[in-house]
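Structure file target03.pdb (PDB, C-alpha atoms) is printed below.
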ATOM      1  CA  MET A   1      31.465 -24.158 -38.282
ATOM      2  CA  ASN A   2      32.928 -23.432 -41.719
ATOM      3  CA  ALA A   3      33.035 -19.995 -43.333
ATOM      4  CA  LEU A   4      30.160 -20.718 -45.709
ATOM      5  CA  THR A   5      27.822 -21.810 -42.905
ATOM      6  CA  PHE A   6      28.754 -18.788 -40.796
ATOM      7  CA  THR A   7      28.147 -16.416 -43.712
ATOM      8  CA  TYR A   8      24.743 -17.982 -44.420
ATOM      9  CA  ARG A   9      23.621 -17.680 -40.799
ATOM     10  CA  MET A  10      24.728 -14.088 -40.589
ATOM     11  CA  PHE A  11      22.800 -13.321 -43.788
ATOM     12  CA  CYS A  12      19.620 -14.847 -42.326
ATOM     13  CA  PHE A  13      20.086 -12.898 -39.095
ATOM     14  CA  LEU A  14      20.594  -9.588 -40.886
ATOM     15  CA  LEU A  15      17.639 -10.244 -43.176
ATOM     16  CA  THR A  16      15.399 -10.901 -40.156
ATOM     17  CA  CYS A  17      16.560  -7.671 -38.515
ATOM     18  CA  LEU A  18      15.879  -5.778 -41.715
ATOM     19  CA  LEU A  19      12.335  -7.110 -41.918
ATOM     20  CA  LEU A  20      11.612  -6.311 -38.281
ATOM     21  CA  PHE A  21      13.059  -2.840 -38.211
ATOM     22  CA  SER A  22      12.595  -1.594 -41.760
ATOM     23  CA  CYS A  23       9.861   0.811 -40.642
ATOM     24  CA  ILE A  24      12.225   2.292 -38.085
ATOM     25  CA  ARG A  25      15.070   2.735 -40.522
ATOM     26  CA  GLU A  26      13.042   4.088 -43.430
ATOM     27  CA  GLN A  27      10.183   6.519 -43.691
ATOM     28  CA  THR A  28       7.850   4.982 -46.274
ATOM     29  CA  ASP A  29       4.179   5.490 -47.085
ATOM     30  CA  ALA A  30       3.412   2.031 -45.689
ATOM     31  CA  CYS A  31       5.017   2.712 -42.302
ATOM     32  CA  VAL A  32       4.218   4.641 -39.174
ATOM     33  CA  GLN A  33       6.540   5.416 -36.285
ATOM     34  CA  TYR A  34       5.046   5.357 -32.803
ATOM     35  CA  GLU A  35       6.297   7.640 -30.057
ATOM     36  CA  LEU A  36       5.214   5.925 -26.857
ATOM     37  CA  THR A  37       5.189   7.280 -23.323
ATOM     38  CA  VAL A  38       4.486   4.890 -20.443
ATOM     39  CA  ARG A  39       3.062   6.167 -17.164
ATOM     40  CA  ALA A  40       2.307   4.450 -13.851
ATOM     41  CA  VAL A  41      -0.697   5.603 -11.850
ATOM     42  CA  THR A  42      -2.497   4.752  -8.615
ATOM     43  CA  PRO A  43      -6.216   3.813  -8.527
ATOM     44  CA  SER A  44      -6.956   7.466  -7.708
ATOM     45  CA  GLY A  45      -5.173   8.553 -10.882
ATOM     46  CA  GLU A  46      -2.032   9.910  -9.219
ATOM     47  CA  ASP A  47       0.987   9.718 -11.544
ATOM     48  CA  VAL A  48       3.802   7.912  -9.702
ATOM     49  CA  THR A  49       6.123   7.379 -12.672
ATOM     50  CA  SER A  50       8.871   9.634 -11.324
ATOM     51  CA  SER A  51       8.427   8.646  -7.663
ATOM     52  CA  GLY A  52      10.718   5.608  -7.833
ATOM     53  CA  VAL A  53       7.847   3.163  -7.269
ATOM     54  CA  VAL A  54       8.469   1.682 -10.725
ATOM     55  CA  THR A  55      12.159   0.942 -11.233
ATOM     56  CA  SER A  56      11.945  -0.925 -14.545
ATOM     57  CA  MET A  57       9.620  -1.025 -17.557
ATOM     58  CA  ASP A  58       9.457  -3.798 -20.147
ATOM     59  CA  LEU A  59       7.338  -3.450 -23.264
ATOM     60  CA  TYR A  60       6.298  -6.403 -25.445
ATOM     61  CA  LEU A  61       4.849  -6.087 -28.948
ATOM     62  CA  PHE A  62       2.307  -8.580 -30.328
ATOM     63  CA  ASP A  63       0.546  -8.758 -33.672
ATOM     64  CA  GLU A  64      -2.280 -10.992 -34.854
ATOM     65  CA  ASN A  65       0.136 -13.938 -35.050
ATOM     66  CA  GLY A  66       1.564 -13.524 -31.557
ATOM     67  CA  PHE A  67       4.712 -12.087 -30.035
ATOM     68  CA  VAL A  68       6.864 -10.011 -32.383
ATOM     69  CA  ARG A  69       9.606  -8.410 -30.308
ATOM     70  CA  MET A  70      10.395  -6.288 -27.286
ATOM     71  CA  VAL A  71      10.353  -2.543 -27.846
ATOM     72  CA  PRO A  72      13.675  -0.799 -27.109
ATOM     73  CA  ARG A  73      13.466   1.981 -24.571
ATOM     74  CA  GLY A  74      14.584   5.529 -25.227
ATOM     75  CA  SER A  75      14.551   7.251 -21.846
ATOM     76  CA  SER A  76      13.279   5.755 -18.607
ATOM     77  CA  SER A  77       9.646   5.819 -19.738
ATOM     78  CA  ASP A  78       9.741   6.675 -23.466
ATOM     79  CA  PHE A  79       9.733   4.133 -26.275
ATOM     80  CA  ARG A  80       9.831   4.304 -30.049
ATOM     81  CA  PHE A  81       9.070   1.692 -32.665
ATOM     82  CA  GLY A  82       7.971   1.386 -36.258
ATOM     83  CA  ALA A  83       5.251  -0.751 -37.817
ATOM     84  CA  GLU A  84       3.267  -1.229 -40.979
ATOM     85  CA  LYS A  85       0.175   0.967 -41.173
ATOM     86  CA  ASP A  86      -2.103  -1.970 -41.870
ATOM     87  CA  GLU A  87      -0.892  -3.929 -38.810
ATOM     88  CA  SER A  88      -3.096  -4.448 -35.751
ATOM     89  CA  LEU A  89      -0.768  -4.451 -32.751
ATOM     90  CA  THR A  90      -1.057  -5.087 -29.025
ATOM     91  CA  LEU A  91       1.343  -3.544 -26.532
ATOM     92  CA  VAL A  92       1.872  -5.133 -23.118
ATOM     93  CA  ALA A  93       3.817  -3.190 -20.509
ATOM     94  CA  TRP A  94       5.120  -4.616 -17.239
ATOM     95  CA  GLY A  95       6.569  -2.521 -14.447
ATOM     96  CA  ASN A  96       9.009  -4.011 -11.921
ATOM     97  CA  LEU A  97       9.579  -7.381 -13.566
ATOM     98  CA  LYS A  98      12.436  -8.655 -11.415
ATOM     99  CA  GLY A  99      14.194 -11.987 -11.433
ATOM    100  CA  ASP A 100      14.608 -12.155  -7.660
ATOM    101  CA  SER A 101      10.965 -13.176  -7.164
ATOM    102  CA  LEU A 102       9.630 -13.946 -10.648
ATOM    103  CA  LYS A 103      10.552 -16.260 -13.488
ATOM    104  CA  LEU A 104      10.941 -13.769 -16.291
ATOM    105  CA  PRO A 105       9.489 -14.530 -19.732
ATOM    106  CA  SER A 106      11.679 -15.525 -22.650
ATOM    107  CA  LEU A 107       9.200 -15.462 -25.499
ATOM    108  CA  ALA A 108       9.537 -17.133 -28.862
ATOM    109  CA  VAL A 109       8.201 -15.264 -31.870
ATOM    110  CA  GLY A 110       4.541 -16.197 -32.350
ATOM    111  CA  THR A 111       3.757 -16.851 -28.669
ATOM    112  CA  SER A 112       0.165 -15.760 -28.009
ATOM    113  CA  LEU A 113      -0.955 -13.382 -25.270
ATOM    114  CA  GLU A 114      -2.715 -16.280 -23.566
ATOM    115  CA  GLU A 115       0.399 -18.481 -23.603
ATOM    116  CA  ALA A 116       2.942 -15.800 -22.683
ATOM    117  CA  ARG A 117       3.392 -15.737 -18.914
ATOM    118  CA  ILE A 118       5.324 -14.666 -15.878
ATOM    119  CA  GLU A 119       5.671 -17.194 -13.067
ATOM    120  CA  LEU A 120       6.340 -17.295  -9.344
ATOM    121  CA  LEU A 121       9.591 -18.650  -7.990
ATOM    122  CA  GLN A 122       9.726 -21.281  -5.263
ATOM    123  CA  LEU A 123      11.654 -21.389  -2.018
ATOM    124  CA  ALA A 124      13.481 -24.510  -0.891
ATOM    125  CA  THR A 125      10.460 -25.245   1.322
ATOM    126  CA  GLY A 126       8.258 -25.607  -1.760
ATOM    127  CA  TYR A 127       6.260 -22.472  -1.007
ATOM    128  CA  ASN A 128       6.248 -19.528  -3.388
ATOM    129  CA  MET A 129       8.127 -16.285  -2.991
ATOM    130  CA  PRO A 130       6.115 -13.067  -2.706
ATOM    131  CA  VAL A 131       5.974 -10.967  -5.844
ATOM    132  CA  THR A 132       7.420  -7.573  -6.667
ATOM    133  CA  ASP A 133       5.361  -4.388  -6.724
ATOM    134  CA  LEU A 134       4.033  -5.325 -10.146
ATOM    135  CA  PHE A 135       2.455  -2.857 -12.613
ATOM    136  CA  TYR A 136       0.701  -3.783 -15.864
ATOM    137  CA  SER A 137      -1.018  -2.340 -18.922
ATOM    138  CA  ARG A 138      -2.263  -3.577 -22.290
ATOM    139  CA  GLN A 139      -3.361  -1.532 -25.283
ATOM    140  CA  THR A 140      -4.362  -2.397 -28.837
ATOM    141  CA  LEU A 141      -3.331  -0.198 -31.751
ATOM    142  CA  GLY A 142      -5.683  -0.676 -34.682
ATOM    143  CA  SER A 143      -4.483  -0.634 -38.270
ATOM    144  CA  THR A 144      -4.659   2.762 -39.924
ATOM    145  CA  THR A 145      -4.814   4.081 -43.467
ATOM    146  CA  ARG A 146      -4.316   7.683 -42.383
ATOM    147  CA  ALA A 147      -1.702   9.671 -44.275
ATOM    148  CA  MET A 148       0.643   9.903 -41.343
ATOM    149  CA  GLU A 149       4.210   9.014 -40.542
ATOM    150  CA  ASN A 150       4.161   9.481 -36.765
ATOM    151  CA  ASP A 151       1.727   8.723 -33.966
ATOM    152  CA  THR A 152       1.921   9.447 -30.246
ATOM    153  CA  VAL A 153       0.601   6.900 -27.768
ATOM    154  CA  LYS A 154       0.290   7.121 -23.995
ATOM    155  CA  LEU A 155       0.197   3.826 -22.116
ATOM    156  CA  VAL A 156      -0.979   3.892 -18.486
ATOM    157  CA  MET A 157       0.121   1.102 -16.138
ATOM    158  CA  GLU A 158      -1.749   0.277 -12.935
ATOM    159  CA  ARG A 159      -0.632  -1.777  -9.953
ATOM    160  CA  LEU A 160      -1.418  -5.476 -10.436
ATOM    161  CA  SER A 161       0.041  -7.060  -7.307
ATOM    162  CA  ALA A 162      -2.061  -7.412  -4.156
ATOM    163  CA  ALA A 163      -0.871  -7.040  -0.563
ATOM    164  CA  LEU A 164      -2.035  -9.170   2.361
ATOM    165  CA  ALA A 165      -1.456  -9.014   6.113
ATOM    166  CA  VAL A 166      -2.773 -11.566   8.613
ATOM    167  CA  LYS A 167      -3.172 -11.279  12.399
ATOM    168  CA  VAL A 168      -4.098 -14.213  14.661
ATOM    169  CA  SER A 169      -5.197 -13.347  18.209
ATOM    170  CA  HIS A 170      -5.794 -15.466  21.361
ATOM    171  CA  ALA A 171      -4.696 -18.669  19.630
ATOM    172  CA  ARG A 172      -2.706 -19.943  22.632
ATOM    173  CA  GLU A 173      -5.677 -19.288  24.867
ATOM    174  CA  TYR A 174      -7.824 -21.366  22.534
ATOM    175  CA  PHE A 175      -5.433 -24.134  21.477
ATOM    176  CA  GLY A 176      -2.908 -24.218  24.298
ATOM    177  CA  SER A 177       0.567 -22.768  24.637
ATOM    178  CA  GLU A 178       2.561 -25.542  22.966
ATOM    179  CA  GLY A 179       3.830 -25.321  19.395
ATOM    180  CA  THR A 180       4.416 -22.582  16.853
ATOM    181  CA  LEU A 181       1.656 -21.018  14.807
ATOM    182  CA  ARG A 182       2.054 -20.568  11.065
ATOM    183  CA  ILE A 183      -0.179 -19.948   8.060
ATOM    184  CA  VAL A 184      -0.244 -20.893   4.404
ATOM    185  CA  VAL A 185      -2.127 -18.655   1.961
ATOM    186  CA  ARG A 186      -3.522 -20.419  -1.109
ATOM    187  CA  GLY A 187      -5.910 -19.729  -3.984
ATOM    188  CA  THR A 188      -4.043 -17.621  -6.516
ATOM    189  CA  GLY A 189      -2.308 -19.084  -9.561
ATOM    190  CA  THR A 190       1.431 -19.631  -9.871
ATOM    191  CA  ALA A 191       1.507 -17.607 -13.109
ATOM    192  CA  LEU A 192      -0.103 -14.702 -14.930
ATOM    193  CA  SER A 193      -0.678 -14.559 -18.668
ATOM    194  CA  PHE A 194       0.034 -11.426 -20.682
ATOM    195  CA  LEU A 195      -3.713 -10.819 -20.437
ATOM    196  CA  ALA A 196      -3.183 -10.570 -16.640
ATOM    197  CA  GLU A 197      -5.217 -13.738 -16.129
ATOM    198  CA  PRO A 198      -4.193 -16.408 -13.564
ATOM    199  CA  LEU A 199      -2.566 -19.577 -14.881
ATOM    200  CA  GLY A 200      -0.832 -22.633 -13.544
ATOM    201  CA  GLU A 201      -1.303 -24.584 -10.369
ATOM    202  CA  GLU A 202      -2.382 -23.216  -7.004
ATOM    203  CA  ALA A 203       0.238 -21.004  -5.373
ATOM    204  CA  GLY A 204       1.143 -21.332  -1.716
ATOM    205  CA  TYR A 205       2.659 -18.501   0.331
ATOM    206  CA  ALA A 206       3.994 -19.108   3.840
ATOM    207  CA  PRO A 207       4.778 -15.701   5.363
ATOM    208  CA  VAL A 208       6.642 -15.526   8.651
ATOM    209  CA  MET A 209       4.290 -15.190  11.637
ATOM    210  CA  ASN A 210       5.918 -12.896  14.190
ATOM    211  CA  PRO A 211       4.782 -13.215  17.827
ATOM    212  CA  VAL A 212       3.826  -9.911  19.440
ATOM    213  CA  SER A 213       5.583  -9.597  22.801
ATOM    214  CA  ASP A 214       3.386  -9.840  25.911
ATOM    215  CA  LYS A 215       0.349 -10.577  23.774
ATOM    216  CA  ASP A 216      -1.329 -13.757  22.651
ATOM    217  CA  GLU A 217      -0.989 -12.495  19.089
ATOM    218  CA  TRP A 218       0.838 -13.464  15.898
ATOM    219  CA  VAL A 219       1.240 -11.201  12.881
ATOM    220  CA  ALA A 220       2.265 -11.771   9.253
ATOM    221  CA  PRO A 221       3.188  -8.264   7.982
ATOM    222  CA  LEU A 222       2.135  -7.144   4.532
ATOM    223  CA  PHE A 223       3.435  -9.345   1.730
ATOM    224  CA  ARG A 224       2.655  -9.143  -1.989
ATOM    225  CA  VAL A 225       0.933 -11.866  -4.009
ATOM    226  CA  PHE A 226      -0.638 -12.354  -7.420
ATOM    227  CA  PRO A 227      -4.252 -11.066  -7.381
ATOM    228  CA  THR A 228      -7.385 -13.182  -7.470
ATOM    229  CA  ASN A 229      -9.899 -12.738 -10.272
ATOM    230  CA  GLU A 230     -13.689 -12.641  -9.939
ATOM    231  CA  ASP A 231     -13.972 -16.435  -9.810
ATOM    232  CA  GLN A 232     -11.199 -16.951  -7.254
ATOM    233  CA  HIS A 233     -10.775 -16.485  -3.537
ATOM    234  CA  ILE A 234      -7.967 -17.224  -1.120
ATOM    235  CA  TYR A 235      -7.689 -19.848   1.582
ATOM    236  CA  ILE A 236      -5.778 -19.400   4.813
ATOM    237  CA  ASP A 237      -4.605 -22.641   6.427
ATOM    238  CA  LEU A 238      -3.737 -22.198  10.105
ATOM    239  CA  TYR A 239      -1.176 -24.672  11.472
ATOM    240  CA  ARG A 240       0.304 -25.441  14.854
ATOM    241  CA  ASN A 241       3.637 -26.978  13.904
ATOM    242  CA  ASP A 242       2.589 -29.499  11.221
ATOM    243  CA  GLU A 243      -1.000 -29.913  12.437
ATOM    244  CA  LYS A 244      -3.626 -28.094  10.394
ATOM    245  CA  LEU A 245      -6.118 -26.456  12.735
ATOM    246  CA  PHE A 246      -8.422 -24.517  10.425
ATOM    247  CA  THR A 247      -8.926 -23.434   6.831
ATOM    248  CA  ILE A 248     -10.501 -19.996   6.552
ATOM    249  CA  THR A 249     -12.214 -18.851   3.341
ATOM    250  CA  THR A 250     -14.676 -16.140   4.480
ATOM    251  CA  ASP A 251     -15.089 -13.492   7.132
ATOM    252  CA  ASP A 252     -17.868 -13.567   9.736
ATOM    253  CA  GLU A 253     -20.328 -12.065   7.282
ATOM    254  CA  GLY A 254     -19.678 -14.732   4.675
ATOM    255  CA  THR A 255     -17.582 -12.506   2.407
ATOM    256  CA  GLN A 256     -14.959 -14.521   0.586
ATOM    257  CA  LEU A 257     -11.323 -13.641   1.190
ATOM    258  CA  LYS A 258      -9.828 -11.932  -1.853
ATOM    259  CA  ALA A 259      -6.445 -10.590  -2.927
ATOM    260  CA  SER A 260      -7.454  -7.373  -4.669
ATOM    261  CA  PRO A 261      -5.036  -5.810  -7.187
ATOM    262  CA  GLY A 262      -3.608  -2.513  -5.991
ATOM    263  CA  LYS A 263      -5.122  -2.883  -2.507
ATOM    264  CA  GLU A 264      -3.894  -3.814   0.964
ATOM    265  CA  THR A 265      -6.099  -6.443   2.618
ATOM    266  CA  TYR A 266      -5.840  -6.946   6.378
ATOM    267  CA  ILE A 267      -7.300 -10.182   7.736
ATOM    268  CA  SER A 268      -7.856 -10.634  11.474
ATOM    269  CA  ILE A 269      -8.537 -14.084  12.996
ATOM    270  CA  ASP A 270      -9.608 -13.846  16.652
ATOM    271  CA  PHE A 271     -10.207 -16.747  19.055
ATOM    272  CA  ARG A 272     -11.097 -14.732  22.150
ATOM    273  CA  TYR A 273     -14.794 -15.553  21.823
ATOM    274  CA  ALA A 274     -16.633 -18.867  22.001
ATOM    275  CA  ARG A 275     -15.991 -19.286  18.299
ATOM    276  CA  MET A 276     -13.487 -18.021  15.748
ATOM    277  CA  PHE A 277     -14.128 -14.464  14.498
ATOM    278  CA  VAL A 278     -12.722 -13.337  11.131
ATOM    279  CA  SER A 279     -12.730  -9.736   9.858
ATOM    280  CA  ILE A 280     -11.373  -8.078   6.702
ATOM    281  CA  SER A 281     -10.240  -4.524   6.022
ATOM    282  CA  VAL A 282      -9.354  -3.458   2.482
ATOM    283  CA  LEU A 283      -7.364  -0.210   2.327
ATOM    284  CA  PRO A 284      -5.601   1.866  -0.333
ATOM    285  CA  TRP A 285      -2.031   0.895  -1.180
ATOM    286  CA  GLY A 286       0.507   2.570   1.069
ATOM    287  CA  SER A 287      -1.711   2.646   4.138
ATOM    288  CA  SER A 288       1.073   0.884   6.029
ATOM    289  CA  ASP A 289       4.749   0.087   5.490
ATOM    290  CA  GLN A 290       5.000  -3.083   3.434
ATOM    291  CA  ASN A 291       7.141  -6.012   4.457
ATOM    292  CA  THR A 292       7.752  -8.954   2.133
ATOM    293  CA  GLU A 293       9.906 -11.028   4.466
ATOM    294  CA  MET A 294       9.343 -14.774   4.242
TER     295      MET A 294
END
Could I get this structure in the form of structure tokens?
Amino acid sequence: MNALTFTYRMFCFLLTCLLLFSCIREQTDACVQYELTVRAVTPSGEDVTSSGVVTSMDLYLFDENGFVRMVPRGSSSDFRFGAEKDESLTLVAWGNLKGDSLKLPSLAVGTSLEEARIELLQLATGYNMPVTDLFYSRQTLGSTTRAMENDTVKLVMERLSAALAVKVSHAREYFGSEGTLRIVVRGTGTALSFLAEPLGEEAGYAPVMNPVSDKDEWVAPLFRVFPTNEDQHIYIDLYRNDEKLFTITTDDEGTQLKASPGKETYISIDFRYARMFVSISVLPWGSSDQNTEM
């Protein structure tokens, strides 16, 4: 690269930065600076921001044309950014975006909220890894003509991931003692858009089924998954070795199996009776110690 080309590229880069951050650098009548505080809460409204539940916060800024930029953080939960007063903006906040179980977004300028996504990672087996303790929020800031230079915004994130646990009882009594029991949980998407809507193909989670000593019982401890929406439900495929024995979609009352955001769902599959019996318990998050081992 010659000196002229390098100089030209640096000029373009600096010009872009100037356009993006001019409202931060200068106080003008056309600009407003936002002081933003992000909080994480439970469904009951308890503020858990300082509890250590959320270890990272990432804030993405969109305008009417799509993704603009990420918002730099001040302290652990405070952000500041500038914008034109006549801009309509959307803020998307994610808590606990971590690359050990999620494919993190690398967004090009102009990417829409519908197209922007986070995705599950896959194990060598082809099944998906469980997700982190994911929090999410979205808020729109309307354009303003008020004579103001500063505005304070509070953004509240809620838990988006769902937790599942599965117990299978009396399976050896029903099917015989040979072979190893395992399950595959399906039905959620492999991605979430920045509108928190499911995308992609059907995910498949294969949590470890631990035998309970001296009992004809197998347990998959709590593991976290993407949630289902109103039109989705989950499927549980029960295998003995590589043989599929059953696919379960409802409990004994016909209620579809769901992965509810911010909830722990316990699913019990019991073969002690003349037929299979399935029950569901949905409890508040934190009702039991969570285990995401796969």
Closest atom pairs, segment 22-136 of chain A residues within 10 Å of segment 277-284 of chain A, only C-alpha atoms, as JSON lines:
{"residue": "A:Thr42", "atom": "CA", "partner": "A:Pro284", "partner_atom": "CA", "distance": 9.3}
{"residue": "A:Pro43", "atom": "CA", "partner": "A:Pro284", "partner_atom": "CA", "distance": 8.4}
{"residue": "A:Ser44", "atom": "CA", "partner": "A:Pro284", "partner_atom": "CA", "distance": 9.4}
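The residues returned by the PyMOL selection byres ((chain A and resi 261) around 6) on the shown structure are Leu160, Ser161, Ala162, Pro227, Ser260, Gly262 and Lys263 of chain A.
The residue that comes closest to Ser137 of chain A, out of A:Leu195, A:Ala116, A:Ala108, A:Leu164 and on the basis of only C-alpha atoms, is A:Leu195.
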Exercise. So how far away is atom CA of Val219 of chain A from atom CA of Ser169 of chain A, in Å?
Worked result: 8.6 Å
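Counting all atoms listed in the file, the residue from A:Thr249, A:Gln139, A:Ser101, A:Asn128 that sits nearest to Ser88 of chain A is A:Gln139.
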For this session: Give as a ChimeraX atom specification the residues that the PyMOL selection byres ((chain A and resi 245) around 12) matches when applied to the coordinates above.
Result: /A:171,174-175,180-184,236-244,246-248,276
For this session: Quick one: apply the PyMOL selection byres ((chain A and resi 110) around 7) to the file and drop the selected residues here as a list in words.
Result: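 Applying the expression gives Asn65, Gly66, Phe67, Val68, Ala108, Val109, Thr111 and Ser112 of chain A.
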For this session: For segment 118-127 of chain A, work out the shell of residues within 12 Å, counting only C-alpha atoms and skipping chain neighbours fewer than 5 positions away, then give it as a PyMOL selection string.
Result: chain A and resi 94+96-107+113+132+134+136+183-186+188-208+224-226+294
Identify, on the basis of all atoms listed in the file, every residue whose closest approach to Leu91 of chain A does not exceed 9 Å; exclude the query and any residue fewer than 4 positions from it along the same chain; express the result as a short mmCIF file (atom, residue, chain, number, x, y, z; two decimals) with C-alpha atoms, in the frame of the given file.
data_model
loop_
_atom_site.label_atom_id
_atom_site.label_comp_id
_atom_site.auth_asym_id
_atom_site.auth_seq_id
_atom_site.Cartn_x
_atom_site.Cartn_y
_atom_site.Cartn_z
CA LEU A 59 7.34 -3.45 -23.26
CA TYR A 60 6.30 -6.40 -25.44
CA LEU A 61 4.85 -6.09 -28.95
CA PHE A 62 2.31 -8.58 -30.33
CA ASP A 63 0.55 -8.76 -33.67
CA SER A 137 -1.02 -2.34 -18.92
CA ARG A 138 -2.26 -3.58 -22.29
CA GLN A 139 -3.36 -1.53 -25.28
CA THR A 140 -4.36 -2.40 -28.84
CA LEU A 141 -3.33 -0.20 -31.75
CA LEU A 155 0.20 3.83 -22.12
#
Exercise. Using all atoms listed in the file, which of the listed residues (A:Gly254, A:Ile234, A:Glu173, A:Ser268) sits closest to Ala220 of chain A?
Worked result: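 Smallest separation from Ala220 of chain A among the options: A:Ser268.
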Exercise. Which distance in Å separates atom CA of Ala163 of chain A and atom CA of Ser50 of chain A, to one decimal?
Worked result: 22.1 Å
For this session: Show which residues sit within 8 Å of Ala165 of chain A, as a list in words. Count only C-alpha atoms, and ignore same-chain residues fewer than 3 positions away.
Result: Val219, Ala220, Pro221, Leu222, Phe223, Glu264, Thr265, Tyr266 and Ile267 of chain A
For this session: Could you check how far atom CA of Asp47 of chain A sits from atom CA of Val32 of chain A, in Å to one decimal?
Result: 28.3 Å
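Of the residues listed (A:Asp58, A:Asp251, A:Lys215, A:Asn150), A:Asp58 shows the shortest atom-to-atom separation from Val92 of chain A; distances use all atoms listed in the file.
Remark: for Val54 of chain A, the closest of the candidate residues A:Ala259, A:Met157, A:Ala83, A:Met209 is A:Met157 (distances computed over only C-alpha atoms).
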Problem set entry | Which residue of A:Tyr273, A:Trp218, A:Phe81, A:Phe135 approaches Val48 of chain A most closely, using all atoms listed in the file | A:Phe135
